[in-house]
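Have a look at data36.txt below; it lists compact mmCIF, C-alpha atoms.
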# COMPACT_ATOMS: atom_id res chain seq x y z
CA MET A 36 -56.37 -6.68 125.19
CA ASP A 37 -56.75 -10.23 126.48
CA ASN A 38 -57.47 -10.30 130.24
CA SER A 39 -56.34 -13.92 130.59
CA GLY A 40 -52.81 -15.25 130.40
CA ILE A 41 -49.51 -13.87 131.71
CA ARG A 42 -48.21 -10.33 131.53
CA ILE A 43 -45.76 -9.98 128.67
CA GLN A 44 -43.05 -8.44 130.87
CA LYS A 45 -43.12 -11.52 133.11
CA VAL A 46 -42.99 -13.87 130.13
CA LEU A 47 -39.91 -12.13 128.72
CA SER A 48 -38.28 -12.06 132.14
CA ASP A 49 -39.05 -15.68 133.05
CA ASN A 50 -37.67 -16.85 129.72
CA GLY A 51 -34.38 -15.04 130.15
CA VAL A 52 -34.95 -12.58 127.32
CA MET A 53 -34.63 -9.42 129.43
CA SER A 54 -35.58 -8.12 132.86
CA ARG A 55 -39.07 -6.74 133.44
CA ARG A 56 -37.71 -3.21 133.57
CA LYS A 57 -35.88 -3.64 130.27
CA ALA A 58 -38.97 -5.27 128.78
CA GLU A 59 -41.05 -2.22 129.67
CA GLU A 60 -38.48 0.05 128.04
CA ALA A 61 -38.47 -2.09 124.89
CA ILE A 62 -42.28 -2.08 124.77
CA LEU A 63 -42.42 1.71 125.11
CA LYS A 64 -39.96 1.96 122.22
CA ARG A 65 -42.29 -0.29 120.16
CA ARG A 66 -39.58 -2.90 119.74
CA VAL A 67 -41.84 -5.71 120.96
CA GLU A 68 -44.70 -7.24 118.96
CA VAL A 69 -47.31 -9.83 119.79
CA ASN A 70 -48.78 -11.63 116.80
CA GLY A 71 -47.49 -8.87 114.53
CA ARG A 72 -48.89 -5.96 116.54
CA PRO A 73 -47.06 -3.58 118.92
CA ALA A 74 -47.19 -4.87 122.48
CA LYS A 75 -48.51 -2.85 125.41
CA ILE A 76 -47.17 -2.76 128.95
CA GLY A 77 -49.20 -5.14 131.09
CA GLN A 78 -50.63 -6.96 128.08
CA LYS A 79 -51.46 -10.56 128.93
CA ILE A 80 -50.49 -13.28 126.50
CA ASN A 81 -50.54 -17.04 126.10
CA PRO A 82 -46.89 -18.14 125.79
CA ARG A 83 -47.95 -21.37 124.08
CA LYS A 84 -50.03 -19.72 121.36
CA ASP A 85 -48.96 -16.10 120.91
CA ILE A 86 -45.91 -15.19 118.84
CA ILE A 87 -43.57 -12.64 120.41
CA ALA A 88 -41.02 -10.77 118.31
CA ILE A 89 -38.35 -8.27 119.33
CA ASP A 90 -36.94 -6.02 116.64
CA GLY A 91 -38.70 -8.22 114.09
CA VAL A 92 -37.14 -11.48 115.30
CA ASN A 93 -39.41 -14.15 116.77
CA ILE A 94 -38.50 -15.22 120.31
CA GLN A 95 -38.32 -18.90 121.15
CA LEU A 96 -39.80 -19.36 124.61
CA ASN A 97 -38.27 -22.09 126.74
CA LYS A 98 -40.72 -24.77 127.83
CA ARG A 99 -38.40 -25.83 130.64
CA LYS A 100 -36.07 -23.12 131.81
CA GLN A 101 -33.21 -23.70 134.19
CA ASN A 102 -32.18 -20.60 136.08
CA VAL A 103 -28.55 -19.65 135.50
CA TYR A 104 -26.45 -17.18 137.51
CA ILE A 105 -23.14 -16.05 136.05
CA MET A 106 -20.21 -13.91 137.17
CA LEU A 107 -18.25 -12.33 134.32
CA ASN A 108 -14.99 -10.40 134.49
CA LYS A 109 -15.93 -7.77 131.90
CA PRO A 110 -13.05 -6.33 129.88
CA ARG A 111 -12.85 -2.72 128.79
CA GLY A 112 -14.30 -2.05 125.34
CA TYR A 113 -17.50 -4.11 125.75
CA VAL A 114 -20.94 -2.52 126.13
CA THR A 115 -23.36 -3.93 128.69
CA THR A 116 -26.30 -4.56 126.39
CA THR A 117 -27.85 -7.58 124.74
CA SER A 118 -27.25 -6.06 121.29
CA ASP A 119 -25.82 -2.85 119.85
CA GLU A 120 -27.03 -0.88 116.84
CA MET A 121 -23.51 0.45 116.27
CA GLY A 122 -22.01 -3.01 116.01
CA ARG A 123 -19.87 -2.67 119.13
CA ALA A 124 -18.76 -5.74 121.07
CA CYS A 125 -21.38 -6.77 123.68
CA VAL A 126 -20.90 -8.67 126.92
CA LEU A 127 -23.21 -11.41 125.63
CA ASP A 128 -20.52 -12.25 123.09
CA LEU A 129 -18.40 -13.39 126.04
CA VAL A 130 -21.05 -15.77 127.43
CA ALA A 131 -22.21 -17.27 124.14
CA ASP A 132 -21.40 -20.75 125.49
CA ALA A 133 -23.52 -20.33 128.65
CA PRO A 134 -26.06 -23.14 129.26
CA GLN A 135 -28.99 -20.72 128.90
CA ARG A 136 -29.57 -17.35 127.29
CA VAL A 137 -28.82 -14.68 129.92
CA TYR A 138 -28.84 -10.89 130.18
CA PRO A 139 -26.84 -8.42 132.32
CA VAL A 140 -27.92 -7.46 135.82
CA GLY A 141 -27.28 -3.72 135.83
CA ARG A 142 -24.42 -2.36 133.76
CA LEU A 143 -20.80 -1.32 133.55
CA ASP A 144 -19.68 1.44 131.21
CA LYS A 145 -17.82 0.52 128.03
CA THR A 146 -14.57 1.83 129.50
CA SER A 147 -15.12 0.15 132.88
CA GLU A 148 -14.26 -3.44 133.75
CA GLY A 149 -14.71 -6.08 136.40
CA LEU A 150 -17.50 -8.01 138.06
CA LEU A 151 -20.75 -8.18 136.12
CA LEU A 152 -23.64 -10.50 136.94
CA LEU A 153 -25.80 -12.11 134.25
CA THR A 154 -28.85 -14.31 134.64
CA ASN A 155 -32.08 -15.51 133.07
CA ASP A 156 -33.95 -15.17 136.38
CA GLY A 157 -36.00 -11.99 136.05
CA GLY A 158 -37.09 -11.86 139.68
CA PHE A 159 -33.52 -12.21 140.88
CA ALA A 160 -32.30 -9.50 138.50
CA ASP A 161 -35.03 -7.08 139.59
CA SER A 162 -34.22 -7.64 143.28
CA ILE A 163 -30.55 -6.83 142.69
CA MET A 164 -31.26 -3.69 140.63
CA HIS A 165 -34.12 -2.32 142.76
CA PRO A 166 -33.08 0.93 144.48
CA ARG A 167 -34.46 -0.35 147.79
CA GLY A 168 -31.78 -3.06 147.87
CA HIS A 169 -28.78 -0.71 148.39
CA ILE A 170 -26.39 -3.62 147.85
CA SER A 171 -22.78 -2.59 148.28
CA LYS A 172 -20.55 -2.38 145.19
CA THR A 173 -16.80 -1.98 145.53
CA TYR A 174 -14.56 -0.46 142.86
CA ARG A 175 -10.84 0.11 142.33
CA ALA A 176 -10.30 3.47 140.66
CA THR A 177 -7.05 4.87 139.30
CA VAL A 178 -7.36 8.66 139.51
CA LYS A 179 -5.21 11.53 138.29
CA PRO A 180 -3.41 13.65 139.42
CA GLY A 181 -3.46 11.89 142.80
CA VAL A 182 -5.92 12.42 145.63
CA THR A 183 -5.88 14.70 148.70
CA GLU A 184 -7.22 13.96 152.17
CA ASP A 185 -9.94 16.57 151.62
CA GLN A 186 -11.06 14.82 148.42
CA LEU A 187 -11.13 11.45 150.22
CA LEU A 188 -13.28 12.95 152.98
CA ARG A 189 -15.70 14.47 150.48
CA LEU A 190 -15.97 11.20 148.53
CA SER A 191 -16.80 9.32 151.72
CA SER A 192 -19.30 11.85 153.09
CA GLY A 193 -21.21 12.37 149.82
CA VAL A 194 -20.87 14.31 146.59
CA GLU A 195 -23.52 16.25 144.72
CA ILE A 196 -24.02 14.83 141.22
CA ASP A 197 -26.89 15.70 138.90
CA GLY A 198 -28.32 17.87 141.66
CA VAL A 199 -28.54 15.03 144.22
CA MET A 200 -26.18 14.12 147.08
CA THR A 201 -24.80 10.60 146.98
CA LEU A 202 -25.04 8.37 150.04
CA PRO A 203 -21.96 8.11 152.29
CA ALA A 204 -19.32 5.75 150.87
CA THR A 205 -16.32 3.86 152.24
CA VAL A 206 -13.07 5.11 150.69
CA HIS A 207 -9.40 4.34 151.24
CA VAL A 208 -6.14 4.65 149.33
CA VAL A 209 -4.66 1.42 147.95
CA ALA A 210 -1.54 2.94 146.42
CA ARG A 211 0.00 6.33 145.69
CA GLU A 212 2.22 6.96 142.67
CA PRO A 213 3.59 10.15 141.08
CA GLU A 214 0.65 12.01 139.55
CA ARG A 215 -1.85 9.24 140.24
CA ALA A 216 -3.43 7.16 143.01
CA VAL A 217 -5.41 3.95 143.28
CA ILE A 218 -8.40 4.22 145.60
CA GLN A 219 -11.03 1.71 146.64
CA ILE A 220 -14.60 2.97 146.90
CA THR A 221 -17.62 1.08 148.24
CA ILE A 222 -21.00 2.60 147.41
CA PHE A 223 -24.50 1.53 148.40
CA GLU A 224 -26.49 2.78 145.43
CA GLY A 225 -26.26 2.47 141.68
CA LYS A 226 -26.62 5.83 139.97
CA ASN A 227 -25.56 6.03 136.32
CA ARG A 228 -21.75 6.39 136.06
CA GLN A 229 -21.73 7.25 139.76
CA ILE A 230 -18.05 6.71 140.59
CA ARG A 231 -16.86 8.65 137.55
CA LYS A 232 -19.24 11.52 138.26
CA MET A 233 -18.25 11.67 141.93
CA CYS A 234 -14.58 11.88 141.02
CA GLU A 235 -15.13 14.37 138.20
CA ALA A 236 -17.09 16.62 140.57
CA LEU A 237 -13.94 16.87 142.71
CA GLY A 238 -11.58 17.49 139.79
CA LEU A 239 -10.28 13.92 139.56
CA GLU A 240 -9.81 12.13 136.26
CA VAL A 241 -10.65 8.41 136.35
CA ALA A 242 -8.03 6.64 134.24
CA ARG A 243 -9.23 3.13 135.10
CA LEU A 244 -12.27 1.76 136.91
CA LYS A 245 -12.79 -1.84 137.95
CA ARG A 246 -15.63 -3.34 139.98
CA VAL A 247 -14.19 -5.95 142.33
CA SER A 248 -17.22 -7.00 144.38
CA VAL A 249 -21.01 -6.89 144.56
CA GLY A 250 -22.35 -7.51 148.05
CA PRO A 251 -20.66 -10.71 149.31
CA LEU A 252 -19.48 -11.70 145.81
CA LYS A 253 -15.82 -11.07 145.02
CA LEU A 254 -14.20 -11.14 141.58
CA GLY A 255 -11.20 -12.96 142.95
CA MET A 256 -8.84 -14.55 140.42
CA LEU A 257 -11.36 -14.81 137.57
CA LYS A 258 -9.47 -13.84 134.41
CA THR A 259 -10.50 -10.92 132.23
CA GLY A 260 -13.12 -11.95 129.66
CA LYS A 261 -13.92 -15.22 131.44
CA TRP A 262 -17.10 -16.26 133.25
CA ARG A 263 -18.21 -18.86 135.75
CA LEU A 264 -21.42 -19.99 137.39
CA LEU A 265 -22.14 -18.78 140.90
CA THR A 266 -21.90 -21.46 143.55
CA ALA A 267 -24.92 -22.37 145.66
CA SER A 268 -23.34 -20.73 148.72
CA GLU A 269 -22.61 -17.52 146.78
CA LEU A 270 -26.17 -17.36 145.51
CA THR A 271 -27.57 -17.90 149.01
CA ALA A 272 -25.28 -15.22 150.46
CA LEU A 273 -26.30 -12.73 147.77
CA ARG A 274 -30.01 -13.39 148.27
CA ASN A 275 -29.62 -12.99 152.03
CA CYS A 276 -27.80 -9.71 151.44
CA VAL A 277 -30.63 -8.44 149.24
CA GLN A 278 -33.25 -9.46 151.78
CA LYS A 279 -31.42 -7.78 154.68
CA ALA A 280 -30.94 -4.58 152.70
CA THR A 281 -34.60 -4.55 151.67
CA ASN A 282 -35.79 -5.17 155.24
CA ARG A 283 -33.49 -2.42 156.54
CA GLN A 284 -34.79 0.06 153.98
CA LYS A 285 -38.42 -0.81 154.79
CA HIS A 286 -37.68 -0.34 158.50
CA GLU A 287 -36.09 3.06 157.87
CA GLU A 288 -39.05 4.14 155.75
CA SER A 289 -41.47 2.99 158.45
CA GLU A 290 -39.58 4.89 161.16
CA ALA A 291 -39.45 8.04 159.02
CA LYS A 292 -43.19 7.82 158.44
CA SER A 293 -43.80 7.32 162.16
CA ARG A 294 -41.69 10.36 163.06
CA LYS A 295 -43.53 12.44 160.49
CA ASN A 296 -46.89 11.46 161.95
CA LYS A 297 -45.73 12.28 165.49
CA ASN A 298 -44.47 15.70 164.42
CA ALA A 299 -47.62 16.50 162.48
CA LYS A 300 -49.77 19.23 164.03
CA PRO A 301 -53.13 18.05 165.42
CA ASP A 302 -56.15 18.86 163.32
CA LYS A 303 -58.07 21.47 165.27
CA ARG A 304 -61.22 20.66 163.34
CA GLY A 305 -61.33 17.30 165.08
CA LYS A 306 -61.64 18.92 168.51

Please, can you express the file's structure as structure tokens?
Amino acid sequence: MDNSGIRIQKVLSDNGVMSRRKAEEAILKRRVEVNGRPAKIGQKINPRKDIIAIDGVNIQLNKRKQNVYIMLNKPRGYVTTTSDEMGRACVLDLVADAPQRVYPVGRLDKTSEGLLLLTNDGGFADSIMHPRGHISKTYRATVKPGVTEDQLLRLSSGVEIDGVMTLPATVHVVAREPERAVIQITIFEGKNRQIRKMCEALGLEVARLKRVSVGPLKLGMLKTGKWRLLTASELTALRNCVQKATNRQKHEESEAKSRKNKNAKPDKRGK
């Protein structure tokens, strides 16, 4: 393995092919090749000389890349992937006319809809998806057969899914109808299918799920299936939100470590 050059995950991320995390997954699945040989995680390459291929297709690396940040109102029926082996419609089909090649930041289920971010900035994508960020995400969920006050309380205080308790959430009822209700839920983590699993654990069927905001970003009046570029002020607000969340998490971890050290029993051998 060449010790000079740039790590392949960074090259793929910086060129808007996929995030570093997704690049590592693709490498482990042997989907990525360098000069005709399977790539390795951490492998350093020369973007100007080495030939990178994904699934047998050579990747054209951008010599001058302009970072692009997109908000998409994802419709139901689209999968949040860059490509699909089953031939299903992908969200990238909806942003084919974007100024740069982009990839999704996180995901929404095929049957879910609403605000989805896409970018070619790998560092930005990783900061949004990193568990330490705890950026708020707000959803509108239509649930059947209605919702009780006890269920609302349990959703807000935390629900056990996959053997782990979710963090407290903010929940309120938007509308009540016969045999159904529309609730708004704000969560501060991003577990796989979290809202659906939380509701299912309490006996609620999710008939419709729409993400309406991510941190300070709101979907607003953006039409279904349409996209737009984030404004400079939106991008700044989102980055500030990520930084504050990261700093808060680091502070909490530091305090927890400090309390643990204070409560630790003194080592008698040192006396």

How many Å lie between atom CA of Gly260 of chain A and atom CA of Tyr104 of chain A, rounded to one decimal?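 We find that atom CA of Gly260 of chain A and atom CA of Tyr104 of chain A lie 16.3 Å from each other.
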
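A cut-off of 12 Å from the point (-25.6, -20.8, 144.0), with only C-alpha atoms, picks out the residues Asn102, Val103, Tyr104, Ile105, Met106, Thr154, Leu252, Arg263, Leu264, Leu265, Thr266, Ala267, Ser268, Glu269, Leu270, Thr271, Ala272, Leu273, Arg274 and Asn275 of chain A.
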
Restricting the output to C-alpha atoms, write the selected residues as an mmCIF file, keeping the file's coordinate frame.
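Writing the result to part.cif gives the following:
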data_model
loop_
_atom_site.group_PDB
_atom_site.id
_atom_site.type_symbol
_atom_site.label_atom_id
_atom_site.label_comp_id
_atom_site.auth_asym_id
_atom_site.auth_seq_id
_atom_site.Cartn_x
_atom_site.Cartn_y
_atom_site.Cartn_z
ATOM 1 C CA ASN A 102 -32.180 -20.600 136.080
ATOM 2 C CA VAL A 103 -28.550 -19.650 135.500
ATOM 3 C CA TYR A 104 -26.450 -17.180 137.510
ATOM 4 C CA ILE A 105 -23.140 -16.050 136.050
ATOM 5 C CA MET A 106 -20.210 -13.910 137.170
ATOM 6 C CA THR A 154 -28.850 -14.310 134.640
ATOM 7 C CA LEU A 252 -19.480 -11.700 145.810
ATOM 8 C CA ARG A 263 -18.210 -18.860 135.750
ATOM 9 C CA LEU A 264 -21.420 -19.990 137.390
ATOM 10 C CA LEU A 265 -22.140 -18.780 140.900
ATOM 11 C CA THR A 266 -21.900 -21.460 143.550
ATOM 12 C CA ALA A 267 -24.920 -22.370 145.660
ATOM 13 C CA SER A 268 -23.340 -20.730 148.720
ATOM 14 C CA GLU A 269 -22.610 -17.520 146.780
ATOM 15 C CA LEU A 270 -26.170 -17.360 145.510
ATOM 16 C CA THR A 271 -27.570 -17.900 149.010
ATOM 17 C CA ALA A 272 -25.280 -15.220 150.460
ATOM 18 C CA LEU A 273 -26.300 -12.730 147.770
ATOM 19 C CA ARG A 274 -30.010 -13.390 148.270
ATOM 20 C CA ASN A 275 -29.620 -12.990 152.030
#

For the atom pair atom CA of Asp128 of chain A and atom CA of Leu257 of chain A, what is the interatomic distance in Å to one decimal place? 17.3 Å

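Counting from atom CA of Asp185 of chain A, the distance to atom CA of Gly198 of chain A is 20.9 Å.
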
For segment 132-145 of chain A, find every residue with an atom within 7 Å (counting all atoms listed in the file), except residues of its own chain fewer than 4 positions away, and show them as a ChimeraX atom specification. /A:51-53,103,111-115,117,152-155,160,164

Based on the selection just made, write C-alpha atoms of those residues as a short mmCIF file (atom, residue, chain, number, x, y, z; two decimals), in the coordinates of the input.
data_model
loop_
_atom_site.label_atom_id
_atom_site.label_comp_id
_atom_site.auth_asym_id
_atom_site.auth_seq_id
_atom_site.Cartn_x
_atom_site.Cartn_y
_atom_site.Cartn_z
CA GLY A 51 -34.38 -15.04 130.15
CA VAL A 52 -34.95 -12.58 127.32
CA MET A 53 -34.63 -9.42 129.43
CA VAL A 103 -28.55 -19.65 135.50
CA ARG A 111 -12.85 -2.72 128.79
CA GLY A 112 -14.30 -2.05 125.34
CA TYR A 113 -17.50 -4.11 125.75
CA VAL A 114 -20.94 -2.52 126.13
CA THR A 115 -23.36 -3.93 128.69
CA THR A 117 -27.85 -7.58 124.74
CA LEU A 152 -23.64 -10.50 136.94
CA LEU A 153 -25.80 -12.11 134.25
CA THR A 154 -28.85 -14.31 134.64
CA ASN A 155 -32.08 -15.51 133.07
CA ALA A 160 -32.30 -9.50 138.50
CA MET A 164 -31.26 -3.69 140.63
#

Nearest residue to Met233 of chain A from the set A:Gly193, A:Leu188, A:Trp262, A:Val217 (distances using only C-alpha atoms): A:Gly193

Let me make sure I understand: among A:Arg246, A:Leu96, A:Glu224, A:Leu107, which one has the smallest atom-to-atom distance to Asn81 of chain A if we use all atoms listed in the file? A:Leu96

Which residue is closest to Glu240 of chain A? Choose from A:Ala216, A:Ile80, A:Pro110, A:Arg283 and count only C-alpha atoms. A:Ala216

For Thr205 of chain A, find every residue with an atom within 9 Å (counting only C-alpha atoms), except residues of its own chain fewer than 3 positions away, and show them as a PDB file with C-alpha atoms, keeping the file's coordinate frame.
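Dumped to part_29.pdb:
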ATOM      1  CA  THR A 173     -16.800  -1.980 145.530  1.00  0.00           C
ATOM      2  CA  LEU A 190     -15.970  11.200 148.530  1.00  0.00           C
ATOM      3  CA  SER A 191     -16.800   9.320 151.720  1.00  0.00           C
ATOM      4  CA  SER A 192     -19.300  11.850 153.090  1.00  0.00           C
ATOM      5  CA  GLN A 219     -11.030   1.710 146.640  1.00  0.00           C
ATOM      6  CA  ILE A 220     -14.600   2.970 146.900  1.00  0.00           C
ATOM      7  CA  THR A 221     -17.620   1.080 148.240  1.00  0.00           C
ATOM      8  CA  ILE A 222     -21.000   2.600 147.410  1.00  0.00           C
TER       9      ILE A 222
END

Which residues are close to Val277 of chain A, i.e. within 12 Å by only C-alpha atoms, leaving aside same-chain residues fewer than 3 positions away? Reply as an MDAnalysis selection string. chainID A and resid 159:171 223 249:251 270:274 280:284

Emit the selected residues as a short mmCIF file (atom, residue, chain, number, x, y, z; two decimals), keeping the file's coordinate frame, including C-alpha atoms.
data_model
loop_
_atom_site.label_atom_id
_atom_site.label_comp_id
_atom_site.auth_asym_id
_atom_site.auth_seq_id
_atom_site.Cartn_x
_atom_site.Cartn_y
_atom_site.Cartn_z
CA PHE A 159 -33.52 -12.21 140.88
CA ALA A 160 -32.30 -9.50 138.50
CA ASP A 161 -35.03 -7.08 139.59
CA SER A 162 -34.22 -7.64 143.28
CA ILE A 163 -30.55 -6.83 142.69
CA MET A 164 -31.26 -3.69 140.63
CA HIS A 165 -34.12 -2.32 142.76
CA PRO A 166 -33.08 0.93 144.48
CA ARG A 167 -34.46 -0.35 147.79
CA GLY A 168 -31.78 -3.06 147.87
CA HIS A 169 -28.78 -0.71 148.39
CA ILE A 170 -26.39 -3.62 147.85
CA SER A 171 -22.78 -2.59 148.28
CA PHE A 223 -24.50 1.53 148.40
CA VAL A 249 -21.01 -6.89 144.56
CA GLY A 250 -22.35 -7.51 148.05
CA PRO A 251 -20.66 -10.71 149.31
CA LEU A 270 -26.17 -17.36 145.51
CA THR A 271 -27.57 -17.90 149.01
CA ALA A 272 -25.28 -15.22 150.46
CA LEU A 273 -26.30 -12.73 147.77
CA ARG A 274 -30.01 -13.39 148.27
CA ALA A 280 -30.94 -4.58 152.70
CA THR A 281 -34.60 -4.55 151.67
CA ASN A 282 -35.79 -5.17 155.24
CA ARG A 283 -33.49 -2.42 156.54
CA GLN A 284 -34.79 0.06 153.98
#

Point (-15.9, 0.4, 134.0) neighbourhood (6 Å, all atoms listed in the file) written as an NGL selection string: :A and (143-144 or 146-148 or 244-245)

Mind checking which residues fall within 12 Å of Ala61 of chain A, counting all atoms listed in the file, ignoring those fewer than 6 positions away in the same chain, and posting them as a PDB file with C-alpha atoms, in the coordinates of the input?
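Ended up saving to around-v2.pdb:
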ATOM      1  CA  ILE A  43     -45.760  -9.980 128.670  1.00  0.00           C
ATOM      2  CA  GLN A  44     -43.050  -8.440 130.870  1.00  0.00           C
ATOM      3  CA  LEU A  47     -39.910 -12.130 128.720  1.00  0.00           C
ATOM      4  CA  VAL A  52     -34.950 -12.580 127.320  1.00  0.00           C
ATOM      5  CA  MET A  53     -34.630  -9.420 129.430  1.00  0.00           C
ATOM      6  CA  SER A  54     -35.580  -8.120 132.860  1.00  0.00           C
ATOM      7  CA  ARG A  55     -39.070  -6.740 133.440  1.00  0.00           C
ATOM      8  CA  VAL A  67     -41.840  -5.710 120.960  1.00  0.00           C
ATOM      9  CA  GLU A  68     -44.700  -7.240 118.960  1.00  0.00           C
ATOM     10  CA  PRO A  73     -47.060  -3.580 118.920  1.00  0.00           C
ATOM     11  CA  ALA A  74     -47.190  -4.870 122.480  1.00  0.00           C
ATOM     12  CA  LYS A  75     -48.510  -2.850 125.410  1.00  0.00           C
ATOM     13  CA  ILE A  76     -47.170  -2.760 128.950  1.00  0.00           C
ATOM     14  CA  ALA A  88     -41.020 -10.770 118.310  1.00  0.00           C
ATOM     15  CA  ILE A  89     -38.350  -8.270 119.330  1.00  0.00           C
ATOM     16  CA  ASP A  90     -36.940  -6.020 116.640  1.00  0.00           C
ATOM     17  CA  THR A 117     -27.850  -7.580 124.740  1.00  0.00           C
TER      18      THR A 117
END

So that I can check the surroundings of Pro82 of chain A, please list as a list of chain:residue names every protein, DNA and RNA residue that reaches within 9 Å of it, counting all atoms listed in the file and ignoring chain neighbours fewer than 3 positions away. A:Gly40, A:Ile41, A:Ile43, A:Val46, A:Asp85, A:Ile86, A:Ile87, A:Leu96

Proximity to Val247 of chain A - best of A:Thr259, A:Gln95, A:Arg65, A:Val199, all atoms listed in the file: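 Ranked by minimum distance to Val247 of chain A, first place goes to A:Thr259.
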